[in-house]
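J.: If it helps, the file is called model32.cif and holds mmCIF, C-alpha atoms:
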```
data_query
loop_
_atom_site.label_atom_id
_atom_site.label_comp_id
_atom_site.auth_asym_id
_atom_site.auth_seq_id
_atom_site.Cartn_x
_atom_site.Cartn_y
_atom_site.Cartn_z
CA MET A 1 3.50 -59.43 -87.93
CA LYS A 2 1.37 -59.55 -84.79
CA ALA A 3 -0.01 -56.39 -83.20
CA ALA A 4 -2.62 -55.18 -80.70
CA VAL A 5 -5.04 -53.01 -82.70
CA LEU A 6 -7.46 -50.53 -81.15
CA ARG A 7 -10.71 -50.61 -83.08
CA ASP A 8 -14.26 -49.67 -82.02
CA GLY A 9 -13.15 -48.98 -78.46
CA ALA A 10 -11.58 -52.40 -77.91
CA LEU A 11 -8.15 -53.97 -78.36
CA HIS A 12 -7.82 -56.88 -80.80
CA VAL A 13 -4.66 -58.94 -81.35
CA GLU A 14 -4.30 -59.39 -85.11
CA GLN A 15 -1.87 -60.25 -87.87
CA LEU A 16 -0.84 -57.23 -89.97
CA PRO A 17 1.41 -57.00 -93.03
CA ASP A 18 5.12 -56.85 -92.32
CA LEU A 19 6.72 -53.42 -92.65
CA THR A 20 9.45 -52.34 -95.06
CA PRO A 21 11.65 -49.31 -94.34
CA GLY A 22 11.53 -46.59 -96.95
CA PRO A 23 14.37 -44.17 -97.73
CA GLY A 24 15.64 -42.57 -94.53
CA GLN A 25 13.67 -44.98 -92.32
CA VAL A 26 14.68 -47.72 -89.90
CA LEU A 27 12.78 -50.95 -89.21
CA VAL A 28 12.98 -52.05 -85.57
CA GLU A 29 11.47 -54.64 -83.27
CA PRO A 30 10.32 -53.26 -79.93
CA ILE A 31 12.16 -54.80 -76.98
CA ALA A 32 9.73 -53.28 -74.49
CA CYS A 33 6.92 -50.76 -74.75
CA GLY A 34 5.28 -49.14 -71.75
CA ILE A 35 1.51 -48.90 -71.49
CA CYS A 36 0.89 -45.17 -71.10
CA GLY A 37 -1.93 -43.49 -69.21
CA SER A 38 -2.82 -41.63 -72.38
CA ASP A 39 -3.30 -44.98 -74.11
CA LEU A 40 -5.69 -46.03 -71.34
CA HIS A 41 -7.58 -42.77 -71.93
CA THR A 42 -7.57 -43.40 -75.67
CA VAL A 43 -9.38 -46.72 -75.36
CA ASP A 44 -12.24 -45.06 -73.47
CA HIS A 45 -12.22 -41.57 -74.98
CA ALA A 46 -10.74 -41.82 -78.47
CA HIS A 47 -13.61 -39.95 -80.12
CA ASP A 48 -13.42 -37.17 -77.53
CA MET A 49 -9.65 -36.90 -78.01
CA VAL A 50 -9.98 -36.55 -81.78
CA GLU A 51 -12.84 -34.05 -81.54
CA THR A 52 -11.14 -31.86 -78.94
CA ALA A 53 -7.83 -31.96 -80.81
CA ILE A 54 -9.53 -30.65 -83.95
CA ALA A 55 -11.61 -28.11 -82.04
CA SER A 56 -8.49 -26.80 -80.30
CA GLY A 57 -7.01 -25.63 -83.58
CA SER A 58 -3.88 -27.62 -82.75
CA PRO A 59 -4.88 -31.09 -83.92
CA GLY A 60 -1.47 -32.76 -83.83
CA ALA A 61 -1.43 -36.54 -84.09
CA PHE A 62 -4.91 -37.10 -82.66
CA GLY A 63 -6.64 -34.86 -85.18
CA SER A 64 -5.55 -37.02 -88.11
CA LEU A 65 -6.73 -40.37 -86.73
CA ASP A 66 -9.51 -42.26 -88.49
CA LEU A 67 -10.94 -44.30 -85.63
CA ALA A 68 -12.98 -46.50 -87.97
CA GLN A 69 -9.77 -47.91 -89.46
CA GLY A 70 -8.16 -48.79 -86.14
CA PHE A 71 -4.55 -48.21 -85.20
CA VAL A 72 -1.70 -49.65 -83.13
CA MET A 73 -0.75 -47.65 -80.05
CA GLY A 74 2.54 -47.70 -78.13
CA HIS A 75 4.95 -44.75 -77.95
CA GLU A 76 7.19 -45.61 -74.96
CA PHE A 77 9.65 -48.12 -76.34
CA SER A 78 13.15 -49.41 -76.69
CA CYS A 79 14.06 -51.39 -79.77
CA ARG A 80 16.45 -53.57 -81.74
CA ILE A 81 17.40 -52.81 -85.35
CA LEU A 82 16.02 -55.17 -87.99
CA ALA A 83 16.84 -53.31 -91.23
CA THR A 84 17.54 -49.85 -92.63
CA GLY A 85 16.18 -48.04 -95.65
CA ALA A 86 18.15 -46.33 -98.42
CA GLY A 87 20.38 -43.53 -97.25
CA VAL A 88 20.58 -44.62 -93.61
CA GLU A 89 24.18 -45.03 -92.45
CA GLY A 90 25.92 -45.88 -89.20
CA ILE A 91 23.12 -48.02 -87.72
CA GLN A 92 23.88 -51.69 -87.46
CA GLU A 93 21.42 -54.57 -87.49
CA GLY A 94 20.95 -55.92 -83.97
CA ALA A 95 21.93 -52.69 -82.21
CA GLU A 96 19.67 -51.61 -79.35
CA PHE A 97 18.29 -48.12 -78.75
CA ALA A 98 15.80 -46.08 -76.81
CA ALA A 99 13.40 -44.62 -79.37
CA MET A 100 11.67 -41.28 -79.54
CA PRO A 101 8.30 -42.03 -81.16
CA PHE A 102 8.46 -40.26 -84.47
CA LEU A 103 8.88 -41.11 -88.13
CA GLU A 104 9.54 -38.83 -91.08
CA THR A 105 7.36 -39.83 -94.04
CA PRO A 106 6.67 -38.32 -97.48
CA GLU A 107 3.46 -36.91 -95.94
CA GLY A 108 5.29 -35.33 -93.01
CA ARG A 109 6.23 -36.33 -89.48
CA VAL A 110 4.15 -39.07 -87.84
CA VAL A 111 3.87 -39.67 -84.09
CA THR A 112 4.47 -43.38 -83.69
CA GLY A 113 1.54 -44.99 -81.91
CA TYR A 114 -1.02 -42.45 -83.13
CA SER A 115 -1.20 -43.23 -86.82
CA ASN A 116 -3.52 -45.38 -88.91
CA THR A 117 -0.69 -46.19 -91.31
CA TYR A 118 2.37 -46.65 -89.11
CA PRO A 119 1.99 -49.02 -86.13
CA GLY A 120 3.31 -48.18 -82.68
CA GLY A 121 5.11 -50.30 -80.13
CA TYR A 122 2.33 -52.79 -79.38
CA SER A 123 3.53 -54.73 -82.39
CA GLU A 124 6.40 -56.88 -83.57
CA GLN A 125 7.70 -54.23 -86.00
CA VAL A 126 7.88 -50.43 -85.97
CA LEU A 127 9.30 -47.84 -88.37
CA VAL A 128 11.25 -44.92 -86.88
CA SER A 129 13.57 -42.20 -88.11
CA PRO A 130 17.32 -42.49 -87.49
CA LEU A 131 17.29 -39.29 -85.44
CA ALA A 132 14.71 -40.87 -83.14
CA LEU A 133 17.20 -43.50 -81.97
CA LEU A 134 19.36 -42.89 -78.89
CA PRO A 135 22.06 -45.43 -77.95
CA ILE A 136 21.41 -47.02 -74.55
CA PRO A 137 24.31 -45.98 -72.31
CA ASN A 138 26.06 -47.48 -69.31
CA GLY A 139 24.75 -51.02 -69.71
CA LEU A 140 21.19 -49.99 -68.89
CA ASP A 141 18.64 -52.78 -69.26
CA PRO A 142 16.88 -52.03 -72.58
CA ALA A 143 13.53 -52.74 -70.95
CA VAL A 144 14.17 -49.99 -68.41
CA ALA A 145 15.32 -47.69 -71.23
CA ALA A 146 11.71 -47.83 -72.49
CA LEU A 147 10.86 -45.59 -69.52
CA SER A 148 12.79 -42.68 -71.03
CA GLU A 149 9.62 -41.31 -72.64
CA PRO A 150 7.40 -41.22 -69.53
CA MET A 151 10.31 -39.90 -67.45
CA ALA A 152 10.71 -37.11 -70.00
CA VAL A 153 7.03 -36.20 -69.52
CA GLY A 154 7.71 -35.67 -65.83
CA LEU A 155 10.84 -33.69 -66.56
CA GLN A 156 8.93 -31.40 -68.93
CA ALA A 157 6.37 -30.68 -66.21
CA VAL A 158 9.12 -29.78 -63.74
CA ASN A 159 10.99 -27.68 -66.30
CA GLN A 160 7.83 -25.75 -67.15
CA SER A 161 7.15 -25.06 -63.48
CA ARG A 162 8.62 -22.33 -61.29
CA ILE A 163 9.95 -24.78 -58.71
CA THR A 164 13.40 -24.14 -57.24
CA ARG A 165 15.66 -26.54 -55.35
CA ASP A 166 14.59 -25.01 -52.03
CA GLY A 167 10.91 -24.85 -53.04
CA ILE A 168 8.05 -27.07 -51.93
CA ALA A 169 6.33 -29.35 -54.46
CA LEU A 170 2.88 -30.81 -53.91
CA VAL A 171 2.14 -33.69 -56.30
CA ALA A 172 -1.49 -34.81 -56.57
CA GLY A 173 -1.50 -38.32 -58.01
CA ALA A 174 1.19 -41.00 -57.88
CA GLY A 175 0.45 -42.82 -61.11
CA PRO A 176 3.15 -42.96 -63.80
CA VAL A 177 2.97 -39.21 -64.53
CA GLY A 178 3.08 -38.22 -60.88
CA LEU A 179 5.93 -40.64 -60.20
CA ALA A 180 7.87 -39.24 -63.16
CA ILE A 181 7.38 -35.73 -61.76
CA ILE A 182 8.60 -36.88 -58.34
CA ALA A 183 11.66 -38.47 -59.95
CA ALA A 184 12.48 -35.32 -61.91
CA LEU A 185 12.04 -33.15 -58.81
CA ARG A 186 14.42 -35.38 -56.87
CA VAL A 187 17.04 -35.29 -59.65
CA MET A 188 16.76 -31.49 -59.62
CA GLY A 189 17.57 -31.52 -55.93
CA VAL A 190 14.17 -30.55 -54.52
CA GLU A 191 13.92 -31.99 -51.03
CA ALA A 192 10.38 -31.06 -50.01
CA ILE A 193 8.16 -33.26 -52.22
CA ILE A 194 4.76 -34.08 -50.78
CA ALA A 195 2.81 -36.64 -52.81
CA SER A 196 -0.85 -37.60 -52.50
CA ASP A 197 -2.65 -40.72 -53.75
CA PHE A 198 -5.52 -42.93 -52.57
CA SER A 199 -3.57 -46.10 -53.47
CA PRO A 200 -1.30 -47.53 -50.74
CA THR A 201 0.77 -49.25 -53.42
CA ARG A 202 1.39 -46.04 -55.32
CA ARG A 203 2.11 -44.09 -52.15
CA ALA A 204 4.82 -46.64 -51.33
CA VAL A 205 6.34 -46.31 -54.80
CA ALA A 206 6.20 -42.50 -54.50
CA ALA A 207 8.28 -42.73 -51.34
CA ARG A 208 10.82 -44.96 -53.06
CA MET A 209 11.00 -42.55 -56.00
CA GLY A 210 11.92 -39.67 -53.70
CA ALA A 211 8.82 -38.12 -52.13
CA SER A 212 9.71 -36.75 -48.70
CA LYS A 213 6.14 -37.28 -47.46
CA VAL A 214 3.23 -39.29 -48.82
CA ILE A 215 -0.38 -38.52 -48.00
CA ASN A 216 -3.67 -40.37 -48.23
CA PRO A 217 -6.06 -37.64 -49.47
CA ALA A 218 -8.94 -39.36 -47.71
CA ARG A 219 -7.31 -38.52 -44.39
CA GLU A 220 -4.79 -35.73 -44.95
CA ASP A 221 -4.45 -32.52 -46.93
CA LEU A 222 -1.63 -31.54 -49.27
CA ILE A 223 -1.59 -28.06 -47.78
CA ASP A 224 -0.97 -29.49 -44.31
CA GLY A 225 2.11 -31.12 -45.82
CA TRP A 226 3.15 -27.75 -47.22
CA ARG A 227 2.83 -26.12 -43.80
CA GLU A 228 4.90 -28.88 -42.19
CA ALA A 229 7.62 -28.61 -44.85
CA GLY A 230 8.22 -24.87 -44.48
CA ASP A 231 7.28 -21.75 -42.61
CA GLY A 232 4.01 -21.28 -44.47
CA THR A 233 5.18 -18.22 -46.37
CA VAL A 234 6.80 -19.60 -49.56
CA PRO A 235 4.10 -20.46 -52.14
CA PRO A 236 4.28 -24.08 -53.28
CA VAL A 237 4.05 -25.50 -56.78
CA LEU A 238 1.11 -27.87 -57.07
CA PHE A 239 1.27 -30.56 -59.78
CA ASP A 240 -1.98 -32.09 -61.02
CA ALA A 241 -1.05 -35.59 -62.15
CA VAL A 242 -4.58 -36.98 -61.78
CA GLY A 243 -6.60 -35.59 -64.70
CA VAL A 244 -10.17 -35.98 -63.44
CA PRO A 245 -12.98 -33.42 -63.43
CA GLY A 246 -12.80 -31.09 -60.45
CA MET A 247 -9.08 -31.57 -59.82
CA ILE A 248 -7.95 -28.20 -61.15
CA ASP A 249 -10.67 -26.40 -59.23
CA GLY A 250 -9.82 -28.30 -56.06
CA LEU A 251 -6.12 -27.46 -56.27
CA MET A 252 -6.90 -23.81 -57.01
CA GLN A 253 -9.14 -23.73 -53.97
CA ILE A 254 -6.50 -25.04 -51.55
CA ALA A 255 -3.52 -23.28 -53.14
CA PRO A 256 -1.98 -20.49 -51.05
CA GLU A 257 -1.66 -17.05 -52.62
CA HIS A 258 0.83 -16.69 -55.49
CA SER A 259 1.11 -20.48 -55.96
CA GLN A 260 1.54 -22.16 -59.32
CA VAL A 261 -0.66 -25.05 -60.45
CA VAL A 262 0.97 -27.22 -63.15
CA VAL A 263 -1.57 -29.37 -65.01
CA ALA A 264 0.06 -32.55 -66.29
CA GLY A 265 -2.88 -34.93 -65.89
CA VAL A 266 -5.09 -35.32 -68.96
CA CYS A 267 -8.76 -34.81 -68.15
CA MET A 268 -10.86 -35.94 -71.10
CA PRO A 269 -14.41 -35.08 -70.00
CA PRO A 270 -15.43 -31.41 -69.96
CA ASP A 271 -14.36 -29.72 -66.74
CA SER A 272 -14.77 -26.35 -65.07
CA PHE A 273 -13.06 -24.28 -62.42
CA ARG A 274 -13.78 -21.03 -60.64
CA PRO A 275 -11.58 -18.26 -62.09
CA SER A 276 -12.20 -16.19 -58.97
CA PHE A 277 -9.94 -18.56 -57.04
CA GLY A 278 -7.09 -17.68 -59.38
CA ILE A 279 -7.92 -13.99 -59.37
CA TYR A 280 -8.26 -13.59 -55.60
CA LYS A 281 -5.05 -15.50 -54.93
CA ARG A 282 -3.09 -14.41 -58.03
CA LEU A 283 -2.41 -17.98 -59.06
CA ASN A 284 -0.42 -19.09 -62.07
CA ILE A 285 -1.89 -22.01 -64.05
CA GLN A 286 0.49 -23.83 -66.40
CA PHE A 287 -0.62 -26.62 -68.75
CA VAL A 288 2.09 -28.97 -70.03
CA LEU A 289 2.39 -31.64 -72.72
CA GLY A 290 5.11 -33.97 -73.94
CA TRP A 291 8.83 -33.26 -73.89
CA THR A 292 11.75 -31.98 -75.94
CA PRO A 293 14.45 -34.23 -77.47
CA GLU A 294 16.86 -32.79 -74.90
CA GLU A 295 14.53 -33.82 -72.06
CA PHE A 296 14.16 -37.30 -73.55
CA ALA A 297 17.95 -37.70 -73.72
CA ALA A 298 18.38 -36.35 -70.19
CA SER A 299 15.80 -38.82 -68.89
CA LEU A 300 17.56 -41.73 -70.60
CA HIS A 301 20.82 -40.72 -68.93
CA ASN A 302 19.12 -40.23 -65.56
CA LEU A 303 17.97 -43.85 -65.80
CA ALA A 304 21.31 -45.15 -67.05
CA GLU A 305 23.35 -43.35 -64.41
CA GLY A 306 21.16 -44.38 -61.51
CA ARG A 307 19.69 -41.00 -60.69
CA ILE A 308 16.28 -42.56 -61.32
CA ASP A 309 15.60 -46.21 -60.45
CA GLY A 310 13.28 -47.13 -63.29
CA SER A 311 12.95 -50.74 -62.18
CA THR A 312 10.91 -49.48 -59.20
CA LEU A 313 8.11 -48.53 -61.58
CA ILE A 314 7.90 -51.79 -63.55
CA THR A 315 5.32 -54.07 -61.96
CA GLY A 316 4.48 -56.35 -64.86
CA GLU A 317 5.38 -57.57 -68.33
CA VAL A 318 3.06 -59.07 -70.94
CA GLY A 319 3.26 -60.43 -74.45
CA LEU A 320 1.07 -59.10 -77.25
CA ASP A 321 -1.64 -61.69 -76.65
CA ASP A 322 -2.14 -60.35 -73.13
CA VAL A 323 -2.28 -56.63 -73.97
CA PRO A 324 -6.11 -56.41 -73.75
CA GLN A 325 -6.09 -57.96 -70.28
CA ALA A 326 -3.24 -55.67 -69.18
CA PHE A 327 -5.37 -52.64 -70.03
CA THR A 328 -8.16 -54.08 -67.90
CA ASP A 329 -5.76 -54.75 -65.01
CA LEU A 330 -4.35 -51.21 -65.13
CA ALA A 331 -7.80 -49.79 -64.43
CA GLU A 332 -7.26 -50.88 -60.81
CA PRO A 333 -4.39 -48.87 -59.23
CA GLU A 334 -3.52 -51.60 -56.74
CA ASN A 335 -2.74 -54.06 -59.53
CA HIS A 336 0.11 -52.26 -61.26
CA VAL A 337 2.13 -49.08 -61.68
CA LYS A 338 3.79 -49.60 -65.08
CA VAL A 339 3.29 -52.61 -67.34
CA LEU A 340 5.68 -53.25 -70.20
CA VAL A 341 4.55 -54.92 -73.40
CA ARG A 342 7.23 -57.35 -74.60
CA PRO A 343 6.18 -58.18 -78.19
CA ASN A 344 8.58 -61.13 -78.41
CA LEU A 345 7.83 -62.48 -74.95
CA GLY A 346 6.91 -66.13 -74.97
#
```
Would you mind writing the file's structure down as structure tokens?
T.:
Amino acid sequence: MKAAVLRDGALHVEQLPDLTPGPGQVLVEPIACGICGSDLHTVDHAHDMVETAIASGSPGAFGSLDLAQGFVMGHEFSCRILATGAGVEGIQEGAEFAAMPFLETPEGRVVTGYSNTYPGGYSEQVLVSPLALLPIPNGLDPAVAALSEPMAVGLQAVNQSRITRDGIALVAGAGPVGLAIIAALRVMGVEAIIASDFSPTRRAVAARMGASKVINPAREDLIDGWREAGDGTVPPVLFDAVGVPGMIDGLMQIAPEHSQVVVAGVCMPPDSFRPSFGIYKRLNIQFVLGWTPEEFAASLHNLAEGRIDGSTLITGEVGLDDVPQAFTDLAEPENHVKVLVRPNLG
């Protein structure tokens, strides 16, 4: 099978051995797999990600990676069933699903897309567990169903926040994570959503996804948006969906007293912030990661029932041969918002 392999900090399109499902496993072909911001980070900072995961004491999937071997990324995907292993019942060949990226193996659970042994969605074949497969409801385009995972990331950030329907949300960054947060806020019924991004393209998409006001941070301030949206007394919830050094400190500095800062952007280089900002203003800082199966399922249904227009996010599709170039293109925000890898395209 063909796959895009990350090795030595670069992506290489290679032929790998075909996969065979073991007992309790399902062999699928990805229909579409989104290129995630964390995958972009991984290409540039894989060693840092592994080292910090181990140093954190909570290594998860990153801590077990052997970067010298290389691995196949891709954890945002929908799929079609190719075959089932022993003991798997009720799943028919050819059926289409949204897939949570995990696989139960004799060695324990594997996060699909972050394993040296089990390839992720940038390949023609993937192994998943039956419980990872969710039927695609309501005639939803299977390619759009691949957005269930990133939408669930945004939903987790909103669920972990203290935002209420009549609250004011300030979203710094309108990349895929920020847009997913905006979408989840809108589904929740939050009306005052002020989004900030340097990119005109992403600001336009943020407005289509439900932001009530979009701001160019080179000219305007998120806190001015907060003042315009309310009476200046209700503390906002500020979402960091950027993940660059200095962002947390900057949001803490502008945050009004008793605000909450939710950190959803992944900053890989070492960073620092001034705790006195949080102390003087009694801020709450909440870090978030991933999603629950319930949030994944809710996000799939939000897409299928039209509460989130996932097609707004999709700005490009590529086959496996063009995955390396797609990663290069995504480094420029004006080029794309979300690119889908279509392993069987062309």
J.: Take every atom of range 281-296 of chain A listed in the file, pad by 8 Å on each side, and give me the axis-aligned box centre and edge lengths in Å, one decimal, as lines of an AutoDock Vina configuration file.
T.:
```
center_x = 5.9
center_y = -25.9
center_z = -66.2
size_x = 37.9
size_y = 38.9
size_z = 38.5
```
J.: Could you give me, as a list of chain:residue names, the residues within 7 Å of range 245-251 of chain A, counting only C-alpha atoms and dropping anything in the same chain fewer than 6 positions from it?
T.: A:Cys267, A:Pro269, A:Asp271, A:Ser272, A:Phe273, A:Arg274
J.: Selection in question (the file shown): the PyMOL selection byres ((chain A and resi 218) around 10). Which residues does it include, as JSON, numbers by chain?
T.: {"A": [196, 197, 198, 215, 216, 217, 219, 220, 221]}
J.: With the file shown as input, list the residues that the PyMOL selection byres ((chain A and resi 175) around 12) selects, as an mmCIF file with C-alpha atoms, in the coordinates of the input.
T.:
```
data_model
loop_
_atom_site.group_PDB
_atom_site.id
_atom_site.type_symbol
_atom_site.label_atom_id
_atom_site.label_comp_id
_atom_site.auth_asym_id
_atom_site.auth_seq_id
_atom_site.Cartn_x
_atom_site.Cartn_y
_atom_site.Cartn_z
ATOM 1 C CA CYS A 36 0.890 -45.170 -71.100
ATOM 2 C CA GLY A 37 -1.930 -43.490 -69.210
ATOM 3 C CA SER A 38 -2.820 -41.630 -72.380
ATOM 4 C CA PRO A 150 7.400 -41.220 -69.530
ATOM 5 C CA GLY A 154 7.710 -35.670 -65.830
ATOM 6 C CA VAL A 171 2.140 -33.690 -56.300
ATOM 7 C CA ALA A 172 -1.490 -34.810 -56.570
ATOM 8 C CA GLY A 173 -1.500 -38.320 -58.010
ATOM 9 C CA ALA A 174 1.190 -41.000 -57.880
ATOM 10 C CA PRO A 176 3.150 -42.960 -63.800
ATOM 11 C CA VAL A 177 2.970 -39.210 -64.530
ATOM 12 C CA GLY A 178 3.080 -38.220 -60.880
ATOM 13 C CA LEU A 179 5.930 -40.640 -60.200
ATOM 14 C CA ALA A 180 7.870 -39.240 -63.160
ATOM 15 C CA ILE A 181 7.380 -35.730 -61.760
ATOM 16 C CA ILE A 182 8.600 -36.880 -58.340
ATOM 17 C CA ALA A 195 2.810 -36.640 -52.810
ATOM 18 C CA SER A 196 -0.850 -37.600 -52.500
ATOM 19 C CA ASP A 197 -2.650 -40.720 -53.750
ATOM 20 C CA PHE A 198 -5.520 -42.930 -52.570
ATOM 21 C CA SER A 199 -3.570 -46.100 -53.470
ATOM 22 C CA PRO A 200 -1.300 -47.530 -50.740
ATOM 23 C CA THR A 201 0.770 -49.250 -53.420
ATOM 24 C CA ARG A 202 1.390 -46.040 -55.320
ATOM 25 C CA ARG A 203 2.110 -44.090 -52.150
ATOM 26 C CA ALA A 204 4.820 -46.640 -51.330
ATOM 27 C CA VAL A 205 6.340 -46.310 -54.800
ATOM 28 C CA ALA A 206 6.200 -42.500 -54.500
ATOM 29 C CA MET A 209 11.000 -42.550 -56.000
ATOM 30 C CA ASP A 240 -1.980 -32.090 -61.020
ATOM 31 C CA ALA A 241 -1.050 -35.590 -62.150
ATOM 32 C CA VAL A 242 -4.580 -36.980 -61.780
ATOM 33 C CA GLY A 243 -6.600 -35.590 -64.700
ATOM 34 C CA ALA A 264 0.060 -32.550 -66.290
ATOM 35 C CA GLY A 265 -2.880 -34.930 -65.890
ATOM 36 C CA LEU A 313 8.110 -48.530 -61.580
ATOM 37 C CA ILE A 314 7.900 -51.790 -63.550
ATOM 38 C CA LEU A 330 -4.350 -51.210 -65.130
ATOM 39 C CA ALA A 331 -7.800 -49.790 -64.430
ATOM 40 C CA GLU A 332 -7.260 -50.880 -60.810
ATOM 41 C CA PRO A 333 -4.390 -48.870 -59.230
ATOM 42 C CA GLU A 334 -3.520 -51.600 -56.740
ATOM 43 C CA ASN A 335 -2.740 -54.060 -59.530
ATOM 44 C CA HIS A 336 0.110 -52.260 -61.260
ATOM 45 C CA VAL A 337 2.130 -49.080 -61.680
ATOM 46 C CA LYS A 338 3.790 -49.600 -65.080
ATOM 47 C CA VAL A 339 3.290 -52.610 -67.340
#
```
J.: Would you list the contacts of range 277-288 of chain A as an mmCIF file with C-alpha atoms, keeping the file's coordinate frame, taking every protein, DNA or RNA residue within 10 Å and counting all atoms listed in the file, but skipping same-chain residues closer than 5 positions in sequence?
T.:
```
data_model
loop_
_atom_site.group_PDB
_atom_site.id
_atom_site.type_symbol
_atom_site.label_atom_id
_atom_site.label_comp_id
_atom_site.auth_asym_id
_atom_site.auth_seq_id
_atom_site.Cartn_x
_atom_site.Cartn_y
_atom_site.Cartn_z
ATOM 1 C CA VAL A 153 7.030 -36.200 -69.520
ATOM 2 C CA GLY A 154 7.710 -35.670 -65.830
ATOM 3 C CA GLN A 156 8.930 -31.400 -68.930
ATOM 4 C CA ALA A 157 6.370 -30.680 -66.210
ATOM 5 C CA VAL A 158 9.120 -29.780 -63.740
ATOM 6 C CA ASN A 159 10.990 -27.680 -66.300
ATOM 7 C CA GLN A 160 7.830 -25.750 -67.150
ATOM 8 C CA SER A 161 7.150 -25.060 -63.480
ATOM 9 C CA ARG A 162 8.620 -22.330 -61.290
ATOM 10 C CA PRO A 235 4.100 -20.460 -52.140
ATOM 11 C CA VAL A 237 4.050 -25.500 -56.780
ATOM 12 C CA LEU A 238 1.110 -27.870 -57.070
ATOM 13 C CA PHE A 239 1.270 -30.560 -59.780
ATOM 14 C CA ASP A 240 -1.980 -32.090 -61.020
ATOM 15 C CA ILE A 248 -7.950 -28.200 -61.150
ATOM 16 C CA ASP A 249 -10.670 -26.400 -59.230
ATOM 17 C CA GLY A 250 -9.820 -28.300 -56.060
ATOM 18 C CA LEU A 251 -6.120 -27.460 -56.270
ATOM 19 C CA MET A 252 -6.900 -23.810 -57.010
ATOM 20 C CA GLN A 253 -9.140 -23.730 -53.970
ATOM 21 C CA ILE A 254 -6.500 -25.040 -51.550
ATOM 22 C CA ALA A 255 -3.520 -23.280 -53.140
ATOM 23 C CA PRO A 256 -1.980 -20.490 -51.050
ATOM 24 C CA GLU A 257 -1.660 -17.050 -52.620
ATOM 25 C CA HIS A 258 0.830 -16.690 -55.490
ATOM 26 C CA SER A 259 1.110 -20.480 -55.960
ATOM 27 C CA GLN A 260 1.540 -22.160 -59.320
ATOM 28 C CA VAL A 261 -0.660 -25.050 -60.450
ATOM 29 C CA VAL A 262 0.970 -27.220 -63.150
ATOM 30 C CA VAL A 263 -1.570 -29.370 -65.010
ATOM 31 C CA ALA A 264 0.060 -32.550 -66.290
ATOM 32 C CA GLY A 265 -2.880 -34.930 -65.890
ATOM 33 C CA VAL A 266 -5.090 -35.320 -68.960
#
```
J.: Set the distance at 8 Å and use all atoms listed in the file: which residues neighbour range 94-109 of chain A once local chain neighbours fewer than 2 positions away are removed? I'd like the list as number ranges by chain.
T.: A: 24-25, 75-82, 91-92, 111-113, 127-129, 132-136, 142, 145-146, 148-149, 293, 296, 300
J.: One number please: CA of Val110 in chain A to CA of Phe327 in chain A, in Å, one decimal.
T.: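 Interatomic distance, CA of Val110 in chain A to CA of Phe327 in chain A: 24.3 Å.
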J.: Which residue is closest to Val43 in chain A? Choose from A:Glu191, A:Glu124, A:Glu93, A:Asp8 and count only C-alpha atoms.
T.: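 Once distances to Val43 in chain A are computed over only C-alpha atoms, the minimum belongs to A:Asp8.
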J.: What is the distance between CA of Thr20 in chain A and CA of Phe71 in chain A, in Å to one decimal?
T.: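 Atom-to-atom, CA of Thr20 in chain A to CA of Phe71 in chain A, that is 17.6 Å.
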J.: Running the PyMOL selection byres ((chain A and resi 16) around 8) on this model by hand, what would come out? Give it as a ChimeraX atom specification.
T.: /A:1-3,14-15,17-18
J.: Tell me which protein, DNA and RNA residues are within 10 Å of Ala10 in chain A, counting all atoms listed in the file, leaving out same-chain ones fewer than 2 positions away, and put them as a PDB file with C-alpha atoms, keeping the file's coordinate frame.
T.:
```
ATOM      1  CA  ALA A   4      -2.620 -55.180 -80.700  1.00  0.00           C
ATOM      2  CA  VAL A   5      -5.040 -53.010 -82.700  1.00  0.00           C
ATOM      3  CA  LEU A   6      -7.460 -50.530 -81.150  1.00  0.00           C
ATOM      4  CA  ARG A   7     -10.710 -50.610 -83.080  1.00  0.00           C
ATOM      5  CA  ASP A   8     -14.260 -49.670 -82.020  1.00  0.00           C
ATOM      6  CA  HIS A  12      -7.820 -56.880 -80.800  1.00  0.00           C
ATOM      7  CA  VAL A  43      -9.380 -46.720 -75.360  1.00  0.00           C
ATOM      8  CA  ASP A  44     -12.240 -45.060 -73.470  1.00  0.00           C
ATOM      9  CA  GLY A  70      -8.160 -48.790 -86.140  1.00  0.00           C
ATOM     10  CA  PRO A 324      -6.110 -56.410 -73.750  1.00  0.00           C
TER      11      PRO A 324
END
```
